Amino acid sequence: MRWRFIELETRDACFNMAIDQAVMEGVANGLSEPTIRFYRWLPSAVSIGRFQSMKDEVDISRCNELGVSYVRRITGGGAVYHDYEGEVTYSVIAPEGCFPKGIRESYAFICSWVVSGLSNIGIKAEFVPINDIIADKKKISGNAQTRRLGVLLQHGTVLYNLETAKMFSLLKISKEKISDKLIKSVEERVTCVSRYSNITQEGLYKELMGSFADGKDYHVGSYTETESKRAGELARTVYGSDGWNFSR
Amino acid sequence: MENSVKYKVPGGKLLIVKAAWNDRITKLELLGDFFVHPEEALNGIEGLLVGVKVNVDEAGLSGMIQQFVEQNNVTLVGLTPEAIARAVRMVVKG
C-alpha cells in the first residue's frame with residue numbers, strides 16, 4: 001500500500017477539520033490515497049470533542065477578543081488549544097484494515113510513530129491508554145480517533161510550547177479554579193518538546209515526518225481537486241456553522 | 001425538575017449529564033471527553049433514556065444501555081453503561 005504524505009501546512013480550523021473528513025470520504029470511495037498530513041492552525045484555535053458543549057468548554061468572547069477560532073471536531077476527546085507556535089498536529093487517514101482492529105491497539109499502533117519521533121530527538125515518551133502520550137510522566141501529546149465508512153481517522157497534537165495562562169483564558173474554567181495553584185498543577189501534568197530540546201517547530205515536524213514515514217511506501221503529494229472542493233463545502237456548511245459547532 | 005452532574009468514569013473520561021424530568025425523564029444530554037463509535041449512537045443512548053421513569057434503579061438503566069450497545073455494535077471508550085446509569089441516577093436524585 002502506498003501512502004500520500006501532505007507536508008506541514010498552515011490552515012484555519014474549519015479547513016483543518018474539513019479536509020480530514022473530505023479525505024476520509026475519498027478513501028472510503030476509493031478516490032483518495034491513504035494519507036498522513038501535518039499541519040498548524042492559523043488563526044490559533046480551540047477544538048472541542050464531538051460530545052462536548054461549546055458554551056460550557058470555551059470562552060467564546062475571549063476567543064473573539066484574541067482572534068482565536070473555535071471548532072467542533074468529528075472525533076471525541078477533550079478541548080484543545082491549538083496555538084500556532086505551540087504544536088504540530090497530524091492526521092492519519094486510511095482503511096481500517098491497515099490498523100489493528102481494537103481501538104486501544106490502533107491508538108497504540110499510530111501513537112508509536114509519535115513516540116518514535118520524540119525518541120529521535122532525545123525525548124523518552126510512551127503511549128498511555130486511552131489516548132495520551134507522556135514524557136517525564138506528563139502529557140506531551142493528545143490523540144483522537146474515529147472510524148466510519150470503513151476508514152480510520154486519527155488526529156493528534158504534539159505539544160511544542162505551552163502557554164498555560166492563555167489556554168486558561170480561552171477554556172471555560174470557573175474563575176475560582178483559575179488560581180496559581182491550578183496553573184502550577186497543569187504545568188506539572190503537561191509538558192512540551194521545547195522543555196527538553198532546542199529543536200525548532202519545523203524541526204519537530206521533520207522528525208515526526210521521518211518517524212511516520214519509516215518503513216512505508218510513500219510519496220509526498222497534494223490534495224486532489226475533488227478533496228479541496230469537498231473540504232471547502234464542509235468548511236462552509238459544517239465546520240464553520242453554528243449548527244455544528246454549538247450542536248451540544 | 002432539572003439538574004446536571006459531572007462524573008469521572010473510573011479509569012475513563014469525564015461524563016456530564018444534563019437532564020430534566022417529572023415522573024419520567026423528559027430531556028437528557030450526555031456530554032464529555034469520552035469516545036463513542038459510531039458517534040451517532042450517543043443520540044440513540046440519549047433517546048433510549050428519555051421517557052424512562054425516574055425510579056428505575058442503576059442496574060435497570062445499566063441493563064437497558066448495555067442491551068442497546070450490544071444490539072447496535074456500539075463501542076464506548078472511556079465510558080461504560082454502568083457509568084452512564086450511575087450518573088443518570090445521581091442527576092435525578094438532585
# chains A, B, ... in the order shown; residues from 1 in each chain; ligands from 1
call {"tool": "closest_atom_pairs", "arguments": {"of": "range 28-48 of chain A", "to": "range 167-172 of chain A", "cutoff": "12 Å", "atoms": "only C-alpha atoms", "output": "CSV"}}
result
residue,atom,partner,partner_atom,distance
A:Ser44,CA,A:Met167,CA,10.9
A:Ala45,CA,A:Leu170,CA,9.4
A:Val46,CA,A:Leu170,CA,7.8
A:Ser47,CA,A:Leu171,CA,10.2
A:Ile48,CA,A:Leu171,CA,9.9
call {"tool": "interface_residues", "arguments": {"of": "chain B", "to": "chain A", "cutoff": "9 Å", "atoms": "only C-alpha atoms", "output": "VMD selection string"}}
result
chain B and resid 12 to 13 16 29 to 39 42 75 77 to 78
call {"tool": "atom_distance", "arguments": {"atom1": "CA of Val54 in chain B", "atom2": "CA of Ser247 in chain A"}}
result
25.9 Å
call {"tool": "residues_around", "arguments": {"residues": "His155 in chain A", "least_positions_apart": "6", "cutoff": "12 Å", "atoms": "only C-alpha atoms", "output": "CSV table (one decimal) with N, CA and C atoms, in the first residue's frame"}}
result
chain,number,residue,atom,x,y,z
A,16,ASN,N,-8.9,22.7,8.5
A,16,ASN,CA,-8.2,21.5,9.0
A,16,ASN,C,-9.2,20.4,9.3
A,17,MET,N,-10.3,20.7,9.9
A,17,MET,CA,-11.3,19.6,10.2
A,17,MET,C,-12.0,19.1,8.9
A,19,ILE,N,-10.9,19.1,5.8
A,19,ILE,CA,-10.0,18.3,4.8
A,19,ILE,C,-9.9,16.9,5.4
A,20,ASP,N,-9.8,16.7,6.7
A,20,ASP,CA,-9.8,15.4,7.3
A,20,ASP,C,-11.0,14.6,6.9
A,21,GLN,N,-12.2,15.2,6.9
A,21,GLN,CA,-13.4,14.5,6.6
A,21,GLN,C,-13.4,14.2,5.0
A,24,MET,N,-11.2,11.4,4.3
A,24,MET,CA,-11.8,10.2,4.8
A,24,MET,C,-12.9,9.7,3.8
A,35,THR,N,-3.7,8.6,3.7
A,35,THR,CA,-3.0,9.9,3.8
A,35,THR,C,-2.5,10.2,5.2
A,36,ILE,N,-1.3,10.8,5.3
A,36,ILE,CA,-0.8,11.3,6.5
A,36,ILE,C,-0.5,12.8,6.3
A,37,ARG,N,-1.1,13.6,7.1
A,37,ARG,CA,-0.8,15.1,6.9
A,37,ARG,C,-0.3,15.7,8.2
A,38,PHE,N,0.4,16.7,8.1
A,38,PHE,CA,0.9,17.5,9.2
A,38,PHE,C,0.5,18.9,9.0
A,39,TYR,N,0.1,19.6,10.1
A,39,TYR,CA,-0.5,20.9,10.0
A,39,TYR,C,-0.4,21.8,11.2
A,47,SER,N,-10.2,23.5,19.6
A,47,SER,CA,-11.1,22.5,19.1
A,47,SER,C,-11.7,21.7,20.3
A,49,GLY,N,-14.2,18.3,21.6
A,49,GLY,CA,-14.5,16.9,21.2
A,49,GLY,C,-16.0,16.9,20.7
A,73,ARG,N,-14.7,19.1,16.7
A,73,ARG,CA,-14.1,18.0,15.9
A,73,ARG,C,-15.2,16.9,15.6
A,74,ILE,N,-14.8,16.1,14.6
A,74,ILE,CA,-15.6,14.9,14.3
A,74,ILE,C,-15.3,13.8,15.3
A,75,THR,N,-14.2,13.9,16.0
A,75,THR,CA,-13.7,12.9,17.0
A,75,THR,C,-14.1,13.3,18.4
A,76,GLY,N,-14.2,12.3,19.3
A,76,GLY,CA,-14.4,12.5,20.7
A,76,GLY,C,-13.1,13.1,21.3
A,77,GLY,N,-13.1,13.1,22.6
A,77,GLY,CA,-12.0,13.6,23.4
A,77,GLY,C,-12.3,15.0,23.9
A,88,VAL,N,2.6,20.7,16.8
A,88,VAL,CA,2.5,20.2,15.4
A,88,VAL,C,1.3,19.2,15.5
A,89,THR,N,0.4,19.3,14.6
A,89,THR,CA,-0.7,18.4,14.5
A,89,THR,C,-0.6,17.4,13.3
A,90,TYR,N,-1.1,16.2,13.5
A,90,TYR,CA,-1.0,15.2,12.4
A,90,TYR,C,-2.4,14.6,12.2
A,91,SER,N,-2.7,14.1,11.1
A,91,SER,CA,-3.9,13.2,10.8
A,91,SER,C,-3.4,12.0,10.1
A,92,VAL,N,-3.9,10.9,10.4
A,92,VAL,CA,-3.7,9.6,9.7
A,92,VAL,C,-5.0,9.1,9.2
A,93,ILE,N,-5.2,8.9,7.9
A,93,ILE,CA,-6.5,8.5,7.4
A,93,ILE,C,-6.2,7.4,6.4
A,94,ALA,N,-6.8,6.2,6.7
A,94,ALA,CA,-6.6,5.0,5.9
A,94,ALA,C,-7.6,4.0,6.2
A,107,TYR,N,-4.8,2.8,18.6
A,107,TYR,CA,-4.2,4.1,19.2
A,107,TYR,C,-2.7,3.8,19.4
A,110,ILE,N,-0.6,3.7,16.1
A,110,ILE,CA,-0.2,5.0,15.5
A,110,ILE,C,0.6,5.9,16.4
A,111,CYS,N,0.2,5.8,17.7
A,111,CYS,CA,1.0,6.6,18.7
A,111,CYS,C,2.5,6.2,18.8
A,114,VAL,N,4.6,8.5,16.9
A,114,VAL,CA,4.9,9.8,17.6
A,114,VAL,C,6.0,9.6,18.6
A,131,ASN,N,-5.6,7.6,25.2
A,131,ASN,CA,-5.2,8.3,24.0
A,131,ASN,C,-4.1,9.3,24.2
A,132,ASP,N,-3.3,9.1,25.3
A,132,ASP,CA,-2.3,10.1,25.6
A,132,ASP,C,-0.9,9.5,25.3
A,141,SER,N,1.3,14.7,24.3
A,141,SER,CA,0.6,14.5,23.0
A,141,SER,C,-0.8,13.9,23.4
A,142,GLY,N,-1.8,14.5,22.8
A,142,GLY,CA,-3.2,14.0,22.9
A,142,GLY,C,-3.7,13.6,21.5
A,143,ASN,N,-4.5,12.5,21.4
A,143,ASN,CA,-4.8,11.9,20.2
A,143,ASN,C,-6.3,11.5,20.2
A,144,ALA,N,-7.0,11.5,19.0
A,144,ALA,CA,-8.4,11.2,19.0
A,144,ALA,C,-8.7,10.5,17.7
A,145,GLN,N,-9.6,9.6,17.8
A,145,GLN,CA,-9.8,8.7,16.6
A,145,GLN,C,-11.3,8.5,16.3
A,146,THR,N,-11.6,8.3,15.1
A,146,THR,CA,-13.0,7.9,14.7
A,146,THR,C,-12.9,6.9,13.5
A,147,ARG,N,-13.9,6.1,13.4
A,147,ARG,CA,-14.0,5.2,12.3
A,147,ARG,C,-15.3,5.3,11.6
call {"tool": "select_by_dssp", "arguments": {"residues": "range 24-200 of chain A", "states": "strand (DSSP E or B)", "output": "number ranges by chain"}}
result
A: 35-41, 45-48, 58, 69-72, 80-82, 87-95, 125-128, 132-135, 138-148, 151-159, 171, 190
call {"tool": "atom_distance", "arguments": {"atom1": "CA of Phe15 in chain A", "atom2": "CA of Leu153 in chain A"}}
result
15.6 Å
call {"tool": "residues_around", "arguments": {"residues": "Ala235 in chain A", "least_positions_apart": "4", "cutoff": "12 Å", "atoms": "only C-alpha atoms", "output": "VMD selection string"}}
result
chain A and resid 11 to 22 71 to 73 227 to 231 239 to 242 244 to 245
call {"tool": "write_last_selection", "arguments": {"atoms": "C-alpha atoms", "output": "PDB file, in the first residue's frame"}}
result
ATOM      1  CA  ARG A  11      -4.664  26.240   7.640  1.00  0.00           C
ATOM      2  CA  ASP A  12      -7.587  27.597   9.590  1.00  0.00           C
ATOM      3  CA  ALA A  13      -9.616  25.453  11.992  1.00  0.00           C
ATOM      4  CA  CYS A  14     -12.539  24.854   9.620  1.00  0.00           C
ATOM      5  CA  PHE A  15     -10.325  23.720   6.773  1.00  0.00           C
ATOM      6  CA  ASN A  16      -8.216  21.509   9.034  1.00  0.00           C
ATOM      7  CA  MET A  17     -11.286  19.612  10.169  1.00  0.00           C
ATOM      8  CA  ALA A  18     -12.993  19.692   6.763  1.00  0.00           C
ATOM      9  CA  ILE A  19     -10.043  18.277   4.835  1.00  0.00           C
ATOM     10  CA  ASP A  20      -9.768  15.374   7.303  1.00  0.00           C
ATOM     11  CA  GLN A  21     -13.394  14.487   6.558  1.00  0.00           C
ATOM     12  CA  ALA A  22     -13.035  15.071   2.805  1.00  0.00           C
ATOM     13  CA  VAL A  71     -14.459  24.344  16.049  1.00  0.00           C
ATOM     14  CA  ARG A  72     -16.107  21.053  16.988  1.00  0.00           C
ATOM     15  CA  ARG A  73     -14.144  18.000  15.901  1.00  0.00           C
ATOM     16  CA  GLU A 227     -10.893  16.750  -1.980  1.00  0.00           C
ATOM     17  CA  SER A 228     -10.271  20.506  -1.980  1.00  0.00           C
ATOM     18  CA  LYS A 229     -13.745  21.222  -3.329  1.00  0.00           C
ATOM     19  CA  ARG A 230     -15.406  18.926  -0.789  1.00  0.00           C
ATOM     20  CA  ALA A 231     -13.316  20.401   2.046  1.00  0.00           C
ATOM     21  CA  TYR A 239     -17.299  23.234  10.498  1.00  0.00           C
ATOM     22  CA  GLY A 240     -17.938  26.944  10.041  1.00  0.00           C
ATOM     23  CA  SER A 241     -21.560  26.709  11.100  1.00  0.00           C
ATOM     24  CA  ASP A 242     -23.112  27.376  14.500  1.00  0.00           C
ATOM     25  CA  TRP A 244     -22.459  22.063  14.096  1.00  0.00           C
ATOM     26  CA  ASN A 245     -20.211  23.945  16.494  1.00  0.00           C
TER      27      ASN A 245
END
call {"tool": "atom_distance", "arguments": {"atom1": "CA of Val220 in chain A", "atom2": "CA of Ile199 in chain A"}}
result
23.1 Å
call {"tool": "residues_around", "arguments": {"residues": "range 47-49 of chain B", "least_positions_apart": "2", "cutoff": "10 Å", "atoms": "only C-alpha atoms", "output": "MDAnalysis selection string"}}
result
chainID B and resid 24:29 41:45 51:54 61 64:65 68 85 88
call {"tool": "write_last_selection", "arguments": {"atoms": "C-alpha atoms", "output": "PDB file, in the first residue's frame"}}
result
ATOM      1  CA  ARG B  24     -40.160  10.406  33.735  1.00  0.00           C
ATOM      2  CA  ILE B  25     -37.006  11.788  32.144  1.00  0.00           C
ATOM      3  CA  THR B  26     -38.151  14.387  29.619  1.00  0.00           C
ATOM      4  CA  LYS B  27     -34.799  15.654  28.375  1.00  0.00           C
ATOM      5  CA  LEU B  28     -31.306  14.236  28.639  1.00  0.00           C
ATOM      6  CA  GLU B  29     -27.877  15.153  27.305  1.00  0.00           C
ATOM      7  CA  ALA B  41     -25.002   6.130  18.631  1.00  0.00           C
ATOM      8  CA  LEU B  42     -24.833   8.597  21.511  1.00  0.00           C
ATOM      9  CA  ASN B  43     -28.066  10.167  20.257  1.00  0.00           C
ATOM     10  CA  GLY B  44     -29.570   6.684  20.406  1.00  0.00           C
ATOM     11  CA  ILE B  45     -28.488   6.188  24.026  1.00  0.00           C
ATOM     12  CA  GLY B  51     -39.219   8.642  28.742  1.00  0.00           C
ATOM     13  CA  VAL B  52     -37.754   6.289  31.327  1.00  0.00           C
ATOM     14  CA  LYS B  53     -39.329   6.515  34.794  1.00  0.00           C
ATOM     15  CA  VAL B  54     -37.088   8.289  37.274  1.00  0.00           C
ATOM     16  CA  LEU B  61     -30.699   1.663  33.489  1.00  0.00           C
ATOM     17  CA  MET B  64     -31.018  -1.060  29.048  1.00  0.00           C
ATOM     18  CA  ILE B  65     -27.904   0.762  27.879  1.00  0.00           C
ATOM     19  CA  PHE B  68     -28.591  -1.050  23.206  1.00  0.00           C
ATOM     20  CA  ALA B  85     -26.531   4.665  34.669  1.00  0.00           C
ATOM     21  CA  VAL B  88     -28.233   9.471  35.475  1.00  0.00           C
TER      22      VAL B  88
END
call {"tool": "residues_around", "arguments": {"residues": "Val158 in chain A", "least_positions_apart": "5", "cutoff": "12 Å", "atoms": "only C-alpha atoms", "output": "ChimeraX atom specification"}}
result
/A:38-40,80-83,85-91,111,113-115,117-118,125,132-135,139-143,190-194,201,204-205,207-208
call {"tool": "write_last_selection", "arguments": {"atoms": "C-alpha atoms", "output": "PDB file, in the first residue's frame"}}
result
ATOM      1  CA  PHE A  38       0.929  17.509   9.211  1.00  0.00           C
ATOM      2  CA  TYR A  39      -0.468  20.930   9.960  1.00  0.00           C
ATOM      3  CA  ARG A  40      -0.614  24.045  12.091  1.00  0.00           C
ATOM      4  CA  VAL A  80      -7.579  21.509  22.977  1.00  0.00           C
ATOM      5  CA  TYR A  81      -5.977  24.892  22.439  1.00  0.00           C
ATOM      6  CA  HIS A  82      -4.025  24.736  19.171  1.00  0.00           C
ATOM      7  CA  ASP A  83      -1.504  27.538  19.385  1.00  0.00           C
ATOM      8  CA  GLU A  85       3.519  28.321  17.524  1.00  0.00           C
ATOM      9  CA  GLY A  86       2.774  25.747  20.183  1.00  0.00           C
ATOM     10  CA  GLU A  87       2.296  22.407  18.474  1.00  0.00           C
ATOM     11  CA  VAL A  88       2.473  20.183  15.418  1.00  0.00           C
ATOM     12  CA  THR A  89      -0.750  18.384  14.528  1.00  0.00           C
ATOM     13  CA  TYR A  90      -1.035  15.249  12.420  1.00  0.00           C
ATOM     14  CA  SER A  91      -3.852  13.240  10.836  1.00  0.00           C
ATOM     15  CA  CYS A 111       0.993   6.647  18.698  1.00  0.00           C
ATOM     16  CA  TRP A 113       5.097   6.664  15.403  1.00  0.00           C
ATOM     17  CA  VAL A 114       4.855   9.789  17.583  1.00  0.00           C
ATOM     18  CA  VAL A 115       6.808   8.094  20.370  1.00  0.00           C
ATOM     19  CA  GLY A 117       9.734  10.723  16.528  1.00  0.00           C
ATOM     20  CA  LEU A 118      10.138  12.068  20.051  1.00  0.00           C
ATOM     21  CA  ALA A 125       7.979   9.078  25.719  1.00  0.00           C
ATOM     22  CA  ASP A 132      -2.256  10.065  25.553  1.00  0.00           C
ATOM     23  CA  ILE A 133       1.491  10.077  25.102  1.00  0.00           C
ATOM     24  CA  ILE A 134       3.531  11.024  28.124  1.00  0.00           C
ATOM     25  CA  ALA A 135       7.119  12.119  28.680  1.00  0.00           C
ATOM     26  CA  LYS A 139       1.224  14.546  28.824  1.00  0.00           C
ATOM     27  CA  ILE A 140       3.051  15.682  25.688  1.00  0.00           C
ATOM     28  CA  SER A 141       0.572  14.517  23.044  1.00  0.00           C
ATOM     29  CA  GLY A 142      -3.194  14.008  22.864  1.00  0.00           C
ATOM     30  CA  ASN A 143      -4.846  11.911  20.166  1.00  0.00           C
ATOM     31  CA  VAL A 190       1.502  18.684  30.868  1.00  0.00           C
ATOM     32  CA  THR A 191       4.799  19.190  29.142  1.00  0.00           C
ATOM     33  CA  CYS A 192       6.163  20.151  25.722  1.00  0.00           C
ATOM     34  CA  VAL A 193       9.069  19.462  23.404  1.00  0.00           C
ATOM     35  CA  SER A 194      10.786  22.833  23.935  1.00  0.00           C
ATOM     36  CA  GLN A 201       8.890  23.613  15.469  1.00  0.00           C
ATOM     37  CA  LEU A 204       9.968  18.684  15.198  1.00  0.00           C
ATOM     38  CA  TYR A 205       7.716  18.300  12.168  1.00  0.00           C
ATOM     39  CA  GLU A 207      11.379  14.338  12.863  1.00  0.00           C
ATOM     40  CA  LEU A 208       7.715  13.305  13.021  1.00  0.00           C
TER      41      LEU A 208
END
call {"tool": "select_by_dssp", "arguments": {"residues": "range 25-81 of chain B", "states": "helix (DSSP H, G or I)", "output": "ChimeraX atom specification"}}
result
/B:41-49,58-71,81
call {"tool": "residues_around", "arguments": {"residues": "Val5 in chain B", "least_positions_apart": "5", "cutoff": "10 Å", "atoms": "only C-alpha atoms", "output": "PyMOL selection string"}}
result
chain B and resi 15-19+87-92+94
